[in-house]
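Undergrad: Sharing a structure, written as structure tokens. Questions coming.
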Amino acid sequence: MLRALIARTHNALERMACSLGVDAGNPARYRHDDGPWLSPGSCASSEITVSWVTRLRTTTRLALGTDPGSLVPHYSRAMPSKYHHARLTDLTPATTYYYRIISPFEGASTHSFTLPAEGARDLTFCIIGDMQPTDHQQFLVSRSVAEGVARENPHLVVQLGDSVHRGTVQEYWHWMWQACEPFASRFPTLRAMGNHDWGYDLGKSWRRFFPIPFVDPKKSYYSQHVGNVHAVFLDCYENDERMGSQQLSWLKEQLQSSPPGCWKFVFLHASIFSSGMENMDYTVQQQLLPLFDRHGVHAVFYGHDHIYEHYRYAYGQNDRVFSPGHRPTGRPIHYFLSGGGGAPLEDTFGIHHRPLSMHHRTWYSPQKGEFVRDEWAVRSWTSAHTVPEAPQCANPGAHVTCHMPSAVAQDDCTHFGFEYGENACHYLRVMIQGEQCTVSVQYPDGSNVSGPNGQFPQVWKIFL
Ligand SMILES: [Fe+2]
Ligand SMILES: [Fe+2]
């Protein structure tokens with residue numbers, strides 16, 4: 001909570017400085033040659049955009065081919081720029097392409113990507129949470145998670161926001177691009193807007209880097225169909241750190257219009273359920289839980305608190321809803337908090353030492369037929385609960401601690417179907433095989449997050 005207050009104050013001061021003409025990190029003066037990175041086009045099996053950024057304004061030229069030995073000039077834009085987005089269309093699905101940036105990196109490396117088949121029913125994607133490296137040490141940690149992601153050879157990568165620690169600081173972008181290097185040039189990546197991406201310039205720098213088909217050039221939410229997946233990306237910071245009614249109406253339309261028999265996944269940054277220091281976001285819960293329940297969302301992925309936690313929650317379970325009119329379906333949805341993409345973990349923010357605090361909320365009890373007030377205790381995580389088997393890369397220099405369902409740090413975790421959590425760097429692997437989806441949680445070295453004595457293997461099967 002304190003962290004959020006400090007960040008909001010910083011944001012406000014920095015925005016004030018920008019409005020007075022003091023631009024703290026003008027991206028037009030970017031001082032590095034970074035990239036390339038890939039973004040899927042609106043048709044992920046036949047379109048892709050290759051992007052890079054240059055310290056000098058140059059033309060945009062790229063060679064492409066299916067044989068790495070005979071690439072031909074394919075994309076050219078004469079207008080000099082620092083931000084380069086080469087949009088490649090009419091590509092052949094399920095094909096491996098090779099590409100090389102011609103200008104300004106003469107003699108630069110040849111990279112490759114493989115497009116998914118049209119309407120693919122078997123698809124793998126990896127999810128990486130908060131990275132936001134600010135120095136060499138943090139860069140190394142983020143990079144180790146990125147290397148784990150690259151080893152999975154996914155069709156797609158999703159980053160859950162807080163790519164950078166401060167969207168207006170060029171050096172932070174530079175650290176981030178270096179950290180993402182293992183996967184960025186090979187696997188198309190989609191991103192959700194995080195508070196650190198958004199803060200300071202309302203996400204302007206973030207949008208400049210990513211040629212994503214947003215619903216509107218000034219909005220940062222969008223949806224994407226990849227194979228048999230309808231992926232919806234929300235912007236939790238749209239209206240002074242809240243989602244507006246327009247976005248919520250759009251979300252409802254999206255979920256209603258998903259093709260029958262496809263996977264519905266929602267990606268956002270705010271911690272909808274969490275026992276971390278940022279904790280539960282009550283407003284986001286009220287805005288989203290009824291919609292997810294009504295419209296058959298299969299899984300929700302989010303970051304913000306720098307830990308891993310898994311919840312399986314059916315809206316309305318334990319006799320609580322937000323409004324009397326909603327009749328819950330009783331269908332549980334998987335919620336994955338994945339904020340350990342390399343950013344400092346929650347132990348550095350005091351998760352083991354926070355004092356006991358009491359929280360309350362008033363909501364509706366269908367059984368009683370009236371609004372009721374519930375009180376929740378929030379305690380610290382128990383530092384004695386460690387995972388000795390966890391590899392060193394999971395929390396360099398410190399023990400990995402875990403949050404177990406038998407010793408929950410706060411009462412409402414149980415209410416929301418909490419199952420297990422760890423203060424550890426990790427990524428998620430999502431394997432879709434027709435009507436079955438397997439979500440696995442992996443440490444940066446590729447081993448599975450399984451808890452002390454392997455009691456809590458984090459492998460979840462979800463069915464259409
Ligand atoms: Fe965040
Ligand atoms: Fe973060």
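Ligands are numbered from 1 in the order shown, residues from 1 within each chain, and chains are lettered A, B, ... in the order they appear in the structure tokens.
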What does the list of residues within 6 Å of ligand 1 look like if you count only C-alpha atoms and all ligand atoms, written as a list in words?

TA: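 Checked against 6 Å with only C-alpha atoms and all ligand atoms; the hits are Asp162, Gly194, Asn195, His196 and His304 of chain A.
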
Undergrad: Could you dump the residues just selected with C-alpha atoms as an mmCIF file, in the first residue's frame?

TA:
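So the final result, stored in part-v7.cif, reads:
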data_model
loop_
_atom_site.group_PDB
_atom_site.id
_atom_site.type_symbol
_atom_site.label_atom_id
_atom_site.label_comp_id
_atom_site.auth_asym_id
_atom_site.auth_seq_id
_atom_site.Cartn_x
_atom_site.Cartn_y
_atom_site.Cartn_z
ATOM 1 C CA ASP A 162 5.890 -3.435 -15.588
ATOM 2 C CA GLY A 194 1.643 -1.990 -16.007
ATOM 3 C CA ASN A 195 1.548 0.906 -13.563
ATOM 4 C CA HIS A 196 5.309 1.454 -14.004
ATOM 5 C CA HIS A 304 1.976 -6.389 -10.041
#

Undergrad: Select the residues contacting ligand 2 at a distance of at most 9 Å, based on only C-alpha atoms and all ligand atoms, then format the selection as JSON, numbers by chain.

TA: {"A": [129, 130, 131, 132, 161, 162, 163, 164, 165, 194, 195, 196, 269, 303, 304, 305, 306, 339, 340, 343, 344]}

Undergrad: Might you pull out every residue within 12 Å of segment 313-328 of chain A, with only C-alpha atoms counted and same-chain residues fewer than 3 positions away left off, and present them as an MDAnalysis selection string?

TA: chainID A and resid 272:273 282:300 310 331:336 361:374 412:419

Undergrad: Counting only C-alpha atoms, what is within 7 Å of Gln159 of chain A, bar same-chain residues fewer than 5 positions away, as a list in words?

TA: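 Result of the neighbour search: Ile127, Ile128, Gly129, Leu190, Arg191 and Ala192 of chain A.
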
Undergrad: As a ChimeraX atom specification, please: the residues near segment 457-463 of chain A (cut-off 7 Å, only C-alpha atoms, same-chain neighbours under 5 positions excluded).

TA: /A:435-441,448-451

Undergrad: Give me the residues within 10 Å of Thr401 of chain A as an mmCIF file with N, CA and C atoms, in the first residue's frame, counting only C-alpha atoms and dropping any in the same chain fewer than 4 places off.

TA:
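Result saved to part06.cif:
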data_model
loop_
_atom_site.group_PDB
_atom_site.id
_atom_site.type_symbol
_atom_site.label_atom_id
_atom_site.label_comp_id
_atom_site.auth_asym_id
_atom_site.auth_seq_id
_atom_site.Cartn_x
_atom_site.Cartn_y
_atom_site.Cartn_z
ATOM 1 N N ASP A 347 9.860 -10.119 -0.781
ATOM 2 C CA ASP A 347 10.599 -10.098 0.502
ATOM 3 C C ASP A 347 11.330 -8.773 0.663
ATOM 4 N N HIS A 352 7.604 -10.402 4.842
ATOM 5 C CA HIS A 352 7.788 -11.239 6.037
ATOM 6 C C HIS A 352 7.694 -10.432 7.328
ATOM 7 N N TRP A 381 3.813 -13.058 5.678
ATOM 8 C CA TRP A 381 4.172 -14.426 5.299
ATOM 9 C C TRP A 381 5.117 -14.978 6.377
ATOM 10 N N THR A 382 5.099 -16.282 6.577
ATOM 11 C CA THR A 382 5.986 -16.909 7.556
ATOM 12 C C THR A 382 7.343 -17.176 6.903
ATOM 13 N N SER A 383 8.384 -16.511 7.409
ATOM 14 C CA SER A 383 9.699 -16.691 6.770
ATOM 15 C C SER A 383 10.259 -18.089 7.018
ATOM 16 N N ALA A 384 9.683 -18.814 8.001
ATOM 17 C CA ALA A 384 10.170 -20.174 8.293
ATOM 18 C C ALA A 384 9.717 -21.172 7.224
ATOM 19 N N HIS A 385 8.713 -20.815 6.428
ATOM 20 C CA HIS A 385 8.246 -21.745 5.400
ATOM 21 C C HIS A 385 9.067 -21.560 4.126
ATOM 22 N N THR A 386 10.079 -22.387 3.991
ATOM 23 C CA THR A 386 10.972 -22.256 2.843
ATOM 24 C C THR A 386 10.850 -23.463 1.920
ATOM 25 N N VAL A 387 11.446 -23.313 0.756
ATOM 26 C CA VAL A 387 11.469 -24.406 -0.230
ATOM 27 C C VAL A 387 12.941 -24.739 -0.471
ATOM 28 N N PRO A 388 13.517 -25.645 0.331
ATOM 29 C CA PRO A 388 14.961 -25.913 0.207
ATOM 30 C C PRO A 388 15.347 -26.414 -1.178
ATOM 31 N N ALA A 390 14.300 -25.383 -4.026
ATOM 32 C CA ALA A 390 14.248 -24.368 -5.097
ATOM 33 C C ALA A 390 15.660 -24.027 -5.572
ATOM 34 N N ASN A 395 15.689 -17.072 -6.407
ATOM 35 C CA ASN A 395 15.788 -15.860 -5.593
ATOM 36 C C ASN A 395 17.259 -15.704 -5.227
ATOM 37 N N GLY A 421 1.509 -20.431 -3.143
ATOM 38 C CA GLY A 421 2.274 -19.290 -3.629
ATOM 39 C C GLY A 421 3.744 -19.390 -3.236
ATOM 40 N N GLU A 422 4.593 -18.681 -3.974
ATOM 41 C CA GLU A 422 6.026 -18.620 -3.650
ATOM 42 C C GLU A 422 6.580 -17.238 -3.940
ATOM 43 N N ASN A 423 7.543 -16.857 -3.131
ATOM 44 C CA ASN A 423 8.301 -15.631 -3.355
ATOM 45 C C ASN A 423 9.501 -16.026 -4.216
ATOM 46 N N ALA A 424 9.263 -16.187 -5.514
ATOM 47 C CA ALA A 424 10.300 -16.747 -6.387
ATOM 48 C C ALA A 424 10.186 -16.199 -7.797
ATOM 49 N N GLY A 451 7.022 -26.733 -4.544
ATOM 50 C CA GLY A 451 6.861 -26.597 -3.096
ATOM 51 C C GLY A 451 7.788 -27.499 -2.312
ATOM 52 N N PRO A 452 7.786 -27.347 -0.966
ATOM 53 C CA PRO A 452 8.665 -28.162 -0.130
ATOM 54 C C PRO A 452 8.311 -29.650 -0.257
#

Undergrad: Report, in Å to a single decimal, how far apart atom CA of Gly167 of chain A and atom CA of Tyr237 of chain A are.

TA: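 If I compute the distance from atom CA of Tyr237 of chain A to atom CA of Gly167 of chain A, I get 13.7 Å.
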
Undergrad: Give the answer as one residue: which of A:Tyr311, A:Phe301, A:Tyr98, A:Phe265 has the shortest atom-to-atom distance to Leu428 of chain A, using only C-alpha atoms?

TA: A:Phe301

Undergrad: Just the alpha helix (DSSP H) stuff from segment 235-463 of chain A, please, per backbone DSSP, written as number ranges by chain.

TA: A: 245-256, 282-294, 411-415

Undergrad: Filtering to C-alpha atoms, could you give me those residues as a short mmCIF file (atom, residue, chain, number, x, y, z; two decimals), in the first residue's frame?

TA:
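Saved result, out.cif, follows:
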data_model
loop_
_atom_site.label_atom_id
_atom_site.label_comp_id
_atom_site.auth_asym_id
_atom_site.auth_seq_id
_atom_site.Cartn_x
_atom_site.Cartn_y
_atom_site.Cartn_z
CA SER A 245 -16.90 2.16 -18.29
CA GLN A 246 -16.03 2.23 -22.01
CA GLN A 247 -13.32 -0.39 -21.52
CA LEU A 248 -15.61 -2.55 -19.41
CA SER A 249 -18.33 -2.42 -22.10
CA TRP A 250 -15.72 -3.33 -24.69
CA LEU A 251 -14.57 -6.26 -22.53
CA LYS A 252 -18.14 -7.52 -22.23
CA GLU A 253 -18.58 -7.34 -26.02
CA GLN A 254 -15.29 -9.15 -26.55
CA LEU A 255 -16.18 -11.99 -24.22
CA GLN A 256 -19.67 -12.29 -25.72
CA TYR A 282 -11.08 -4.55 -4.48
CA THR A 283 -12.12 -2.20 -7.30
CA VAL A 284 -10.76 -4.48 -10.01
CA GLN A 285 -12.45 -7.44 -8.34
CA GLN A 286 -15.82 -5.67 -8.43
CA GLN A 287 -15.34 -4.59 -12.02
CA LEU A 288 -14.22 -7.94 -13.37
CA LEU A 289 -15.28 -10.98 -11.34
CA PRO A 290 -18.98 -10.86 -12.35
CA LEU A 291 -18.04 -10.38 -16.02
CA PHE A 292 -15.58 -13.27 -15.99
CA ASP A 293 -18.21 -15.50 -14.40
CA ARG A 294 -21.03 -14.54 -16.80
CA ASP A 411 -8.17 -14.59 5.65
CA ASP A 412 -9.61 -13.52 2.30
CA CYS A 413 -7.06 -15.68 0.42
CA THR A 414 -9.04 -18.68 1.61
CA HIS A 415 -12.31 -17.06 0.57
#

Undergrad: Extract the full set of strand (DSSP E) residues from segment 42-163 of chain A according to DSSP on the backbone, and format it as a compact mmCIF listing (two decimals) with C-alpha atoms, in the first residue's frame.

TA:
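Final file, selection19.txt:
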# COMPACT_ATOMS: atom_id res chain seq x y z
CA ILE A 48 4.25 -9.98 -37.84
CA THR A 49 5.97 -6.68 -37.10
CA VAL A 50 9.72 -6.51 -36.57
CA SER A 51 10.70 -3.50 -34.45
CA TRP A 52 13.93 -1.89 -33.33
CA VAL A 53 15.10 1.46 -32.03
CA THR A 54 18.18 3.42 -33.06
CA ARG A 55 20.14 6.18 -31.37
CA LEU A 56 20.30 8.04 -34.72
CA ARG A 57 17.43 8.69 -37.10
CA THR A 58 17.79 6.21 -39.98
CA THR A 59 15.76 4.58 -42.73
CA THR A 60 13.94 1.32 -41.98
CA ARG A 61 15.14 -1.56 -44.15
CA LEU A 62 14.84 -5.27 -43.62
CA ALA A 63 15.71 -8.41 -45.64
CA LEU A 64 13.54 -11.52 -45.39
CA GLY A 65 13.43 -15.07 -46.71
CA VAL A 72 16.26 -10.40 -50.09
CA PRO A 73 15.31 -6.79 -49.28
CA HIS A 74 11.64 -6.97 -48.33
CA TYR A 75 10.67 -3.89 -46.35
CA SER A 76 11.83 -0.34 -46.82
CA ARG A 77 10.74 3.00 -45.42
CA ALA A 78 12.76 6.01 -46.54
CA MET A 79 11.58 8.44 -43.84
CA PRO A 80 14.35 8.52 -41.20
CA SER A 81 13.20 7.55 -37.74
CA LYS A 82 14.46 6.32 -34.38
CA TYR A 83 11.55 3.91 -33.88
CA HIS A 84 11.31 1.26 -36.58
CA HIS A 85 8.32 -0.99 -37.15
CA ALA A 86 8.55 -3.16 -40.27
CA ARG A 87 5.11 -4.68 -40.76
CA LEU A 88 5.31 -7.95 -42.70
CA THR A 96 9.97 -20.39 -40.52
CA TYR A 97 11.24 -17.05 -41.83
CA TYR A 98 14.70 -15.53 -41.48
CA TYR A 99 15.30 -11.80 -41.34
CA ARG A 100 18.11 -9.30 -41.04
CA ILE A 101 17.96 -5.58 -40.37
CA ILE A 102 19.81 -3.84 -43.21
CA SER A 103 19.96 -0.37 -41.79
CA HIS A 111 17.19 -13.85 -36.78
CA SER A 112 14.25 -16.15 -37.34
CA PHE A 113 10.64 -16.69 -36.34
CA THR A 114 8.09 -19.41 -37.00
CA ASP A 122 -2.03 -26.92 -30.44
CA LEU A 123 -0.16 -23.88 -29.22
CA THR A 124 2.40 -23.07 -26.54
CA PHE A 125 2.88 -19.69 -25.01
CA CYS A 126 4.98 -18.44 -22.12
CA ILE A 127 4.07 -15.72 -19.68
CA ILE A 128 6.62 -13.53 -17.95
CA LEU A 156 4.06 -16.59 -28.39
CA VAL A 157 5.23 -14.74 -25.28
CA VAL A 158 3.06 -12.60 -23.02
CA GLN A 159 4.53 -10.00 -20.68

Undergrad: Identify which of the residues A:Pro444, A:Pro188, A:Pro182, A:Gly69 lies closest to Leu38 of chain A, counting only C-alpha atoms when measuring atom-to-atom distances.

TA: A:Pro188

Undergrad: Report as a list in words all protein, DNA and RNA residues lying within 10 Å of Arg143 of chain A, evaluated on only C-alpha atoms, omitting residues in the same chain fewer than 3 positions from it.

TA: Met131, Pro133, Gln137, Gln138, Phe139, Leu140, Ala146, Glu147, Gly148, Val149, Trp175, Met176, Trp177, Gln178, Ala179, Cys180, Glu181, Pro182, Phe183, Gly341, Gly342 and Pro444 of chain A

Undergrad: Could you jot down the atom CA of Met243 of chain A to atom CA of Ala270 of chain A separation for me, Å, one decimal place?

TA: 10.6 Å

Undergrad: Which is closest to Phe210 of chain A among A:Gly350, A:Gly330, A:Gly276, A:Pro36, if we use only C-alpha atoms?

TA: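 Nearest candidate to Phe210 of chain A out of A:Gly350, A:Gly330, A:Gly276, A:Pro36: A:Pro36.
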
Undergrad: Can you work out the spacing between atom CA of His359 of chain A and atom CA of Val378 of chain A in Å, to one decimal?

TA: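 Going from atom CA of His359 of chain A over to atom CA of Val378 of chain A, I get 7.4 Å.
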
Undergrad: Counting only C-alpha atoms, figure out which residue out of A:Val169, A:Cys425, A:Ala150, A:Met404 gets nearest to Ser338 of chain A.

TA: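 Selected residue with least distance to Ser338 of chain A: A:Cys425.
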